[in-house]
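Peer 1: Mind having a look at this structure? Questions to follow.
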Amino acid sequence: MAANDIDSVHDLVVVGAGFSGLYMVHKAREELGLDVLGIEAGAGPGGTWYWNRYPGARCDSESFYYCYTFSKVLLDEWDWSSRYPEQPEILRYLEFAADRLDLRRSFAFDTRVESLTWDEDGSRWIVRTNTGRTFAATWVVAAVGALSAANVPDIPGLDDFQGEWFHTGRWPHEGVDFTGRRVAQIGTGSTGIQAAPVIARQAEHLYVLQRTPNYTVPARDRPMDRDEWVRIKSAYDEVVAATKSSFAGFPYTPSPRSALEVPEVERRAIYESLWEEGGFKFLWGGFHDLLLDERANETAAEFIRSKIRDIVHDPEIAEKLCPKGYPYGAKRPPIDTDYYETFNRDNVTLVDISEGGISRITPTGVETPDGHHEVDTIVFATGFDAMTGPLLRLDITGRDGLRLADEWVDGPTTYLGLQVAGFPNLFTITGPGSPSVLTNMPTSIEQHVEWIARCIDDLRQRGQLVIEPTQEAVDTWTDHVAEASQFGLFNRADSWYLGANIPGKKRVFMPYVGGLANYRAKCEEIAASGYEGFLVS
Ligand code: N01
């Protein structure tokens with residue numbers, strides 16, 4: 001590529017301004033002294049929290065650990081208002097972080113990366129964007145998130161629909177007023193479960209189209225005051241240590257108990273207390289074997305079903321809402337505020353599409369096996385082409401014209417979920433092959449950013465500029481990720497973890513099930529060994 005086709009040359013290009021991109025830019029610029037350019041498709045920072053502005057969007061990890069922990073300044077200067085803050089507050093937090101660390105000046109916003117191409121002669125990446133500007137960089141970090149490629153299913157008739165339709169992950173910034181509208185919401189994952197109760201409170205009528213019932217546990221959101229934050233922050237090192245040494249980045253003390261070793265009355269009392277407490281602790285804090293043993297899992301699954309039958313007045317609707325045939329937690333568990341209660345409202349109809357799906361969208365509504373539902377608005381809460389989707393959208397070409405899309409046609413292959421053979425100096429944050437989406441994301445993000453920064457720094461100190469994994473290391477790690485996915489019950493549901501939500505996508509369990517603490521230790525060991533499994537030059 002001719003030098004005059006390049007608008008500017010940088011040490012590092014970081015794609016994305018979410019939790020990971022912001023920290024990566026800060027770390028590389030302030031601690032390594034690199035010339036860094038961040039590129040972000042949105043008009044400002046926020047990533048997931050910039051795009052996902054649907055009604056009811058909020059965090060479902062608790063605020064005291066769903067945040068940055070690397071900066072004492074950010075920690076000291078920010079108190080969350082509640083246990084599970086809503087999207088606008090999380091977006092404000094990321095904007096605050098960007099401003100406090102003076103990161104905006106390193107970003108090109110409103111700019112989407114259209115391709116990344118390895119330039120063999122220059123040992124650098126050529127980064128083309130939709131604005132027509134082209135950049136070159138020695139290193140690229142894809143901080144594009146695991147759940148940013150929206151999935152709008154290909155349902156016949158959508159183009160002819162005369163009403164409005166929205167995907168939750170691309171929600172209009174000005175919001176949507178549902179007053180007086182009849183709404184069809186497609187999807188009952190974490191997003192749909194957060195959105196339905198809020199839409200139902202405003203809409204004239206809400207049809208919830210459910211293909212697979214989901215297990216959800218109450219969030220039990222509540223306000224948090226300054227005194228509580230003073231208490232939490234005074235022992236914050238312990239919170240951080242607990243997240244880092246845990247299986248999934250949650251600072252909950254794992255229970256030594258099996259769900260099968262306590263009498264039923266006691267077990268039920270434990271589930272009751274966790275249900276009242278709310279949140280992910282129901283999965284991680286009560287018994288150690290809910291994701292290991294089918295019989296143990298069934299005790300939790302049946303408890304949740306019993307709650308659905310208690311909450312939902314109409315027994316037929318309750319039964320349709322009861323998940324069966326797959327373990328609790330094998331799909332990413334949602335948490336909710338008044339989800340099952342929503343089906344007691346007169347203006348809400350549960351439409352079971354488990355058999356037959358949606359046959360078509362008409363100009364005035366949605367046709368399902370039980371008839372035609374006239375609606376003004378369709379909300380697609382239909383999730384994402386997870387993990388691989390955001391990376392493949394970057395149209396990445398590595399050495400010798402090797403395209404990532406071809407390399408991953410049978411599923412993602414990585415070394416540590418950080419790099420791919422044939423794609424030198426390209427790092428992914430929380431990519432496939434790392435614990436990623438099975439964990440509290442900021443915990444995993446901080447570890448990846450810190451590992452990548454250390455790697456670049458180590459190389460520079462040794463006068464080396466190019467790193468990529470050997471094919472052997474990639475094959476061994478990819479086999480290990482596949483083997484680990486057979487451990488426990490994660491593989492027992494048709495989830496987006498294995499691409500089952502995208503028609504035609506190769507079914508491969510993408511995140512690493514080996515646990516965050518083990519994974520961190522492995523990454524440490526490899527860095528300390530001088531980057532075993534990588535070719536460095
Ligand atoms: O997406 P999903 P999501 N016809 O894929 C249905 C994170 N998150 O956006 O189960 C009809 O889980 C699909 O049905 P089925 C979190 O990690 C975090 O809800 O495939 N229905 C399912 O019900 C989460 O897991 C927060 O049978 C169709 C739904 O759409 C991840 O994002 C909040 C369909 C999709 O569920 C994704 O959640 C929200 C079709 N053709 C989300 N295609 C936090 O608070 C799909 N569906 C941090």
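Just remember, in the structure tokens the first chain shown is A, the second B, etc., residues are 1-based per chain, and ligands are 1-based in the order shown.
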Do a neighbour search on A:Arg181 at 8 Å with only C-alpha atoms, toss out local chain neighbours closer than 4 positions, and write the hits as a PyMOL selection string.
Peer 2: chain A and resi 203-205+375-377
Peer 1: Kindly save the residues from that selection, with N, CA and C atoms included, as a JSON list (two decimals), in the first residue's frame.
Peer 2:
```
[["chain", "number", "residue", "atom", "x", "y", "z"],
["A", 203, "ALA", "N", -47.52, -0.07, 26.92],
["A", 203, "ALA", "CA", -48.20, -0.39, 25.66],
["A", 203, "ALA", "C", -49.70, -0.65, 25.90],
["A", 204, "GLU", "N", -50.44, -0.53, 24.78],
["A", 204, "GLU", "CA", -51.85, -0.92, 24.88],
["A", 204, "GLU", "C", -51.93, -2.44, 25.07],
["A", 205, "HIS", "N", -51.17, -3.15, 24.25],
["A", 205, "HIS", "CA", -51.12, -4.60, 24.41],
["A", 205, "HIS", "C", -49.73, -5.12, 24.02],
["A", 375, "VAL", "N", -50.36, -5.92, 15.11],
["A", 375, "VAL", "CA", -49.51, -5.06, 15.97],
["A", 375, "VAL", "C", -49.03, -3.83, 15.20],
["A", 376, "ASP", "N", -48.64, -2.82, 15.98],
["A", 376, "ASP", "CA", -48.09, -1.58, 15.40],
["A", 376, "ASP", "C", -46.57, -1.60, 15.43],
["A", 377, "THR", "N", -46.02, -2.36, 16.37],
["A", 377, "THR", "CA", -44.57, -2.31, 16.59],
["A", 377, "THR", "C", -44.05, -3.73, 16.85]]
```
Peer 1: Around ligand 1, out to 6 Å and counting only C-alpha atoms and all ligand atoms, which residues are there? I want them as a list in words.
Peer 2: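 I would give the residues around ligand 1 as Arg58, Cys59, Asp60, Pro153, Ile186, Gly187, Thr188, Gly189, Ser190, Thr191, Gly192, Arg211, Thr212, Arg332, Gly357, Ala381, Thr382, Gly383, Phe384, Trp496 and Asn501 of chain A.
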Peer 1: Would you output that residue set with all heavy atoms, as a short mmCIF file (atom, residue, chain, number, x, y, z; two decimals), in the first residue's frame?
Peer 2:
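Writing done, so here's out.cif:
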```cif
data_model
loop_
_atom_site.label_atom_id
_atom_site.label_comp_id
_atom_site.auth_asym_id
_atom_site.auth_seq_id
_atom_site.Cartn_x
_atom_site.Cartn_y
_atom_site.Cartn_z
N ARG A 58 -30.59 -2.93 32.01
CA ARG A 58 -29.80 -2.66 33.21
C ARG A 58 -28.78 -3.79 33.36
O ARG A 58 -28.86 -4.82 32.71
CB ARG A 58 -30.67 -2.54 34.45
CG ARG A 58 -31.43 -3.81 34.79
CD ARG A 58 -32.08 -3.74 36.17
NE ARG A 58 -33.21 -2.85 36.24
CZ ARG A 58 -33.28 -1.82 37.08
NH1 ARG A 58 -32.28 -1.54 37.89
NH2 ARG A 58 -34.36 -1.07 37.12
N CYS A 59 -27.86 -3.55 34.25
CA CYS A 59 -26.82 -4.52 34.49
C CYS A 59 -27.38 -5.69 35.29
O CYS A 59 -28.24 -5.48 36.13
CB CYS A 59 -25.76 -3.82 35.31
SG CYS A 59 -24.37 -4.84 35.53
N ASP A 60 -26.91 -6.89 35.04
CA ASP A 60 -27.37 -7.95 35.92
C ASP A 60 -26.24 -8.58 36.73
O ASP A 60 -26.46 -9.56 37.44
CB ASP A 60 -28.25 -8.97 35.20
CG ASP A 60 -27.60 -9.55 33.99
OD1 ASP A 60 -26.39 -9.36 33.84
OD2 ASP A 60 -28.31 -10.22 33.21
N PRO A 153 -33.60 -12.01 12.85
CA PRO A 153 -33.86 -13.23 12.08
C PRO A 153 -34.54 -12.92 10.75
O PRO A 153 -35.27 -11.94 10.63
CB PRO A 153 -34.76 -14.06 12.98
CG PRO A 153 -35.15 -13.20 14.12
CD PRO A 153 -34.30 -11.97 14.13
N ILE A 186 -40.38 -10.30 20.17
CA ILE A 186 -39.89 -11.63 19.81
C ILE A 186 -38.64 -11.89 20.64
O ILE A 186 -37.67 -11.13 20.55
CB ILE A 186 -39.56 -11.72 18.31
CG1 ILE A 186 -40.77 -11.29 17.48
CG2 ILE A 186 -39.11 -13.13 17.94
CD1 ILE A 186 -40.50 -11.18 15.97
N GLY A 187 -38.65 -12.96 21.45
CA GLY A 187 -37.46 -13.31 22.21
C GLY A 187 -37.62 -13.14 23.70
O GLY A 187 -38.16 -12.13 24.18
N THR A 188 -37.16 -14.15 24.41
CA THR A 188 -37.26 -14.16 25.87
C THR A 188 -35.93 -14.58 26.50
O THR A 188 -35.87 -15.42 27.39
CB THR A 188 -38.39 -15.12 26.34
OG1 THR A 188 -38.18 -16.41 25.73
CG2 THR A 188 -39.76 -14.61 25.94
N GLY A 189 -34.84 -13.98 25.97
CA GLY A 189 -33.54 -14.13 26.63
C GLY A 189 -33.40 -13.04 27.70
O GLY A 189 -34.39 -12.42 28.10
N SER A 190 -32.17 -12.79 28.14
CA SER A 190 -31.96 -11.77 29.20
C SER A 190 -32.57 -10.44 28.80
O SER A 190 -33.17 -9.74 29.63
CB SER A 190 -30.47 -11.53 29.43
OG SER A 190 -29.85 -12.69 29.86
N THR A 191 -32.44 -10.08 27.52
CA THR A 191 -32.95 -8.79 27.06
C THR A 191 -34.47 -8.77 27.09
O THR A 191 -35.08 -7.85 27.67
CB THR A 191 -32.47 -8.54 25.61
OG1 THR A 191 -31.05 -8.52 25.61
CG2 THR A 191 -33.01 -7.24 25.07
N GLY A 192 -35.10 -9.75 26.48
CA GLY A 192 -36.56 -9.79 26.43
C GLY A 192 -37.16 -9.83 27.83
O GLY A 192 -38.20 -9.20 28.10
N ARG A 211 -40.11 -18.68 22.01
CA ARG A 211 -39.73 -19.93 21.35
C ARG A 211 -39.25 -20.95 22.40
O ARG A 211 -39.59 -22.12 22.33
CB ARG A 211 -38.64 -19.66 20.31
CG ARG A 211 -38.29 -20.87 19.48
CD ARG A 211 -37.52 -20.50 18.24
NE ARG A 211 -36.16 -20.07 18.52
CZ ARG A 211 -35.28 -19.72 17.59
NH1 ARG A 211 -35.64 -19.74 16.31
NH2 ARG A 211 -34.07 -19.36 17.91
N THR A 212 -38.46 -20.47 23.36
CA THR A 212 -37.99 -21.36 24.43
C THR A 212 -38.19 -20.65 25.77
O THR A 212 -37.67 -19.55 25.96
CB THR A 212 -36.47 -21.66 24.27
OG1 THR A 212 -36.22 -22.06 22.93
CG2 THR A 212 -36.02 -22.75 25.22
N ARG A 332 -27.29 -18.82 29.20
CA ARG A 332 -26.86 -17.75 30.11
C ARG A 332 -28.08 -17.29 30.92
O ARG A 332 -29.08 -16.86 30.35
CB ARG A 332 -26.28 -16.62 29.27
CG ARG A 332 -25.38 -15.70 30.04
CD ARG A 332 -26.15 -14.72 30.87
NE ARG A 332 -25.40 -13.50 31.08
CZ ARG A 332 -25.95 -12.40 31.56
NH1 ARG A 332 -27.23 -12.38 31.84
NH2 ARG A 332 -25.21 -11.35 31.74
N GLY A 357 -42.85 -21.79 15.07
CA GLY A 357 -42.21 -20.48 14.99
C GLY A 357 -43.13 -19.40 14.47
O GLY A 357 -44.35 -19.47 14.58
N ALA A 381 -36.05 -8.90 20.29
CA ALA A 381 -35.12 -9.14 21.41
C ALA A 381 -34.45 -10.48 21.11
O ALA A 381 -34.45 -11.40 21.91
CB ALA A 381 -35.89 -9.18 22.72
N THR A 382 -33.90 -10.57 19.90
CA THR A 382 -33.48 -11.86 19.35
C THR A 382 -31.97 -12.08 19.43
O THR A 382 -31.44 -12.97 18.77
CB THR A 382 -33.96 -11.97 17.88
OG1 THR A 382 -33.75 -10.71 17.23
CG2 THR A 382 -35.43 -12.32 17.81
N GLY A 383 -31.30 -11.26 20.21
CA GLY A 383 -29.91 -11.57 20.54
C GLY A 383 -28.91 -11.21 19.46
O GLY A 383 -29.14 -10.33 18.61
N PHE A 384 -27.82 -11.94 19.47
CA PHE A 384 -26.63 -11.54 18.71
C PHE A 384 -25.96 -12.74 18.04
O PHE A 384 -26.09 -13.87 18.51
CB PHE A 384 -25.61 -10.90 19.68
CG PHE A 384 -26.19 -9.72 20.42
CD1 PHE A 384 -26.83 -9.90 21.65
CD2 PHE A 384 -26.14 -8.45 19.88
CE1 PHE A 384 -27.39 -8.82 22.33
CE2 PHE A 384 -26.69 -7.36 20.55
CZ PHE A 384 -27.31 -7.55 21.77
N TRP A 496 -26.62 -19.51 22.60
CA TRP A 496 -25.74 -18.73 21.74
C TRP A 496 -24.28 -19.00 22.06
O TRP A 496 -23.40 -18.67 21.26
CB TRP A 496 -26.07 -17.24 21.77
CG TRP A 496 -26.07 -16.55 23.11
CD1 TRP A 496 -27.15 -16.19 23.86
CD2 TRP A 496 -24.92 -16.09 23.85
NE1 TRP A 496 -26.75 -15.55 25.02
CE2 TRP A 496 -25.38 -15.47 25.03
CE3 TRP A 496 -23.53 -16.15 23.64
CZ2 TRP A 496 -24.52 -14.92 25.99
CZ3 TRP A 496 -22.68 -15.60 24.59
CH2 TRP A 496 -23.17 -15.00 25.74
N ASN A 501 -28.19 -20.18 17.99
CA ASN A 501 -29.24 -19.20 17.67
C ASN A 501 -29.13 -18.65 16.25
O ASN A 501 -30.01 -17.94 15.80
CB ASN A 501 -29.19 -18.03 18.67
CG ASN A 501 -27.86 -17.29 18.62
OD1 ASN A 501 -26.83 -17.88 18.35
ND2 ASN A 501 -27.89 -16.00 18.88
#
```
Peer 1: Could you pull the residues within 12 Å of A:Ala493, counting only C-alpha atoms, minus those fewer than 5 positions along the same chain, as JSON, numbers by chain?
Peer 2: {"A": [212, 214, 323, 324, 325, 326, 327, 328, 329, 330, 331, 332, 333, 488, 498, 499, 500, 501, 507, 509]}
Peer 1: Run DSSP on the backbone and give me the residues of stretch 170-382 of chain A it puts in alpha helix (DSSP H), as number ranges by chain.
Peer 2: A: 190-202, 226-234, 236-244, 264-277, 281-284, 294-311, 315-321, 339-342
Peer 1: Could the residues in this selection be written to a file with C-alpha atoms, as a CSV table (one decimal), in the first residue's frame?
Peer 2:
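This went into again-v2.csv:
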```csv
chain,number,residue,atom,x,y,z
A,190,SER,CA,-32.0,-11.8,29.2
A,191,THR,CA,-32.9,-8.8,27.1
A,192,GLY,CA,-36.6,-9.8,26.4
A,193,ILE,CA,-37.0,-10.6,30.1
A,194,GLN,CA,-35.8,-7.2,31.1
A,195,ALA,CA,-37.8,-5.4,28.4
A,196,ALA,CA,-41.3,-7.1,28.6
A,197,PRO,CA,-42.3,-5.8,32.1
A,198,VAL,CA,-41.4,-2.2,31.1
A,199,ILE,CA,-43.0,-2.3,27.7
A,200,ALA,CA,-46.1,-3.9,29.2
A,201,ARG,CA,-46.6,-1.0,31.6
A,202,GLN,CA,-46.8,1.5,28.6
A,226,ARG,CA,-23.1,6.7,50.5
A,227,ASP,CA,-22.6,4.8,53.9
A,228,GLU,CA,-22.9,1.5,52.1
A,229,TRP,CA,-20.3,2.5,49.5
A,230,VAL,CA,-17.9,3.7,52.2
A,231,ARG,CA,-18.2,0.2,53.8
A,232,ILE,CA,-17.7,-1.6,50.5
A,233,LYS,CA,-14.8,0.6,49.3
A,234,SER,CA,-13.0,0.2,52.7
A,236,TYR,CA,-12.4,-3.2,48.2
A,237,ASP,CA,-9.1,-5.1,47.8
A,238,GLU,CA,-10.9,-8.2,49.1
A,239,VAL,CA,-13.7,-7.8,46.5
A,240,VAL,CA,-11.1,-7.6,43.7
A,241,ALA,CA,-9.1,-10.6,45.1
A,242,ALA,CA,-12.3,-12.6,45.3
A,243,THR,CA,-13.3,-11.9,41.7
A,244,LYS,CA,-9.9,-12.7,40.4
A,264,GLU,CA,-35.2,-31.4,50.8
A,265,VAL,CA,-36.7,-29.1,53.5
A,266,GLU,CA,-33.3,-27.5,54.1
A,267,ARG,CA,-32.6,-27.3,50.4
A,268,ARG,CA,-35.8,-25.5,49.7
A,269,ALA,CA,-35.1,-23.1,52.5
A,270,ILE,CA,-31.7,-22.3,51.0
A,271,TYR,CA,-33.3,-21.7,47.6
A,272,GLU,CA,-36.0,-19.5,49.2
A,273,SER,CA,-33.4,-17.4,50.9
A,274,LEU,CA,-31.4,-17.0,47.6
A,275,TRP,CA,-34.6,-16.2,45.7
A,276,GLU,CA,-35.3,-13.5,48.2
A,277,GLU,CA,-31.7,-12.2,48.1
A,281,LYS,CA,-25.9,-15.8,43.7
A,282,PHE,CA,-28.8,-18.2,43.1
A,283,LEU,CA,-26.6,-20.1,40.6
A,284,TRP,CA,-23.2,-19.6,42.2
A,294,GLU,CA,-27.9,-33.0,36.3
A,295,ARG,CA,-29.8,-34.2,39.4
A,296,ALA,CA,-28.5,-31.3,41.5
A,297,ASN,CA,-29.4,-28.9,38.7
A,298,GLU,CA,-32.9,-30.3,38.5
A,299,THR,CA,-33.5,-29.4,42.2
A,300,ALA,CA,-32.9,-25.7,41.3
A,301,ALA,CA,-34.8,-26.0,38.0
A,302,GLU,CA,-37.8,-27.5,39.8
A,303,PHE,CA,-37.7,-24.8,42.5
A,304,ILE,CA,-37.9,-22.1,39.8
A,305,ARG,CA,-40.8,-23.9,38.1
A,306,SER,CA,-42.6,-24.0,41.4
A,307,LYS,CA,-42.1,-20.2,41.7
A,308,ILE,CA,-43.5,-19.7,38.2
A,309,ARG,CA,-46.6,-21.7,39.2
A,310,ASP,CA,-47.0,-19.7,42.4
A,311,ILE,CA,-46.6,-16.3,40.6
A,315,PRO,CA,-52.1,-22.4,35.3
A,316,GLU,CA,-51.9,-22.9,31.5
A,317,ILE,CA,-49.8,-19.8,31.0
A,318,ALA,CA,-47.6,-20.8,33.9
A,319,GLU,CA,-47.0,-24.2,32.4
A,320,LYS,CA,-46.0,-22.6,29.1
A,321,LEU,CA,-43.5,-20.4,30.9
A,339,TYR,CA,-41.0,-10.8,34.6
A,340,TYR,CA,-43.3,-13.7,35.5
A,341,GLU,CA,-45.7,-11.2,37.2
A,342,THR,CA,-46.1,-9.5,33.9
```
Peer 1: Taking only stretch 364-433 of chain A into account, list the residues labelled strand (DSSP E or B) by DSSP (computed from the backbone), as a VMD selection string.
Peer 2: chain A and resid 365 to 368 371 to 374 377 to 380 384 396 to 397 403 415 419 426 to 428
Peer 1: Would you pick out the contacts of stretch 415-430 of chain A at 6 Å or less, using only C-alpha atoms, so that residues sharing its chain but fewer than 2 positions from it are not included, and give the list as an NGL selection string?
Peer 2: :A and (139-143 or 398-399 or 432-434 or 436 or 448 or 466-471 or 474 or 477)
Peer 1: Rounded to one decimal in Å, what is the spacing between atom CA of A:Gly249 and atom CA of A:Ala517?
Peer 2: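 Computing the Euclidean distance for atom CA of A:Gly249 and atom CA of A:Ala517 yields 8.3 Å.
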Peer 1: Measuring atom to atom with only C-alpha atoms, identify which of A:Val449, A:Arg454, A:Val513, A:Tyr84 is nearest to A:Pro223.
Peer 2: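 Nearest candidate to A:Pro223 out of A:Val449, A:Arg454, A:Val513, A:Tyr84: A:Tyr84.
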Peer 1: Which polymer residues have any atom within 9 Å of an atom of A:Arg128, counting only C-alpha atoms, with same-chain residues fewer than 6 positions away left out, as a list in words?
Peer 2: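 Non-adjacent residues within range: Arg112, Val113, Glu114, Ser115, Leu116, Thr117, Thr134, Phe135 and Ala136 of chain A.
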Peer 1: Residues as selected, C-alpha atoms, written as a PDB file, in the first residue's frame, can you do that?
Peer 2:
```pdb
ATOM      1  CA  ARG A 112     -16.586   1.977  11.573  1.00  0.00           C
ATOM      2  CA  VAL A 113     -13.698  -0.318  10.688  1.00  0.00           C
ATOM      3  CA  GLU A 114     -14.495  -1.937   7.349  1.00  0.00           C
ATOM      4  CA  SER A 115     -11.409  -4.099   6.991  1.00  0.00           C
ATOM      5  CA  LEU A 116      -8.157  -5.052   8.651  1.00  0.00           C
ATOM      6  CA  THR A 117      -5.412  -6.310   6.351  1.00  0.00           C
ATOM      7  CA  THR A 134      -7.153   4.552   6.301  1.00  0.00           C
ATOM      8  CA  PHE A 135      -4.704   3.963   9.125  1.00  0.00           C
ATOM      9  CA  ALA A 136      -1.651   1.782   9.680  1.00  0.00           C
TER      10      ALA A 136
END
```
Peer 1: Considering only C-alpha atoms, return as a PyMOL selection string whatever protein or nucleic-acid residues lie within 12 Å of A:Pro85, sequence-local ones (same chain, fewer than 6 positions apart) excluded.
Peer 2: chain A and resi 49+56-67+79+91-93+219-224
Peer 1: Can you list, as a PyMOL selection string, every protein, DNA or RNA residue that comes within 8 Å of A:Asp110 when you count only C-alpha atoms, leaving out same-chain residues fewer than 5 positions away?
Peer 2: chain A and resi 40-44
Peer 1: So how far away is atom CA of A:Ala28 from atom CA of A:Asp99, in Å?
Peer 2: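 Atom CA of A:Ala28 lies 16.6 Å from atom CA of A:Asp99.
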Peer 1: Find the residue from A:Thr388, A:Ser8, A:Gln87, A:Ser354 that sits nearest to A:Pro213; use only C-alpha atoms when measuring.
Peer 2: A:Ser354
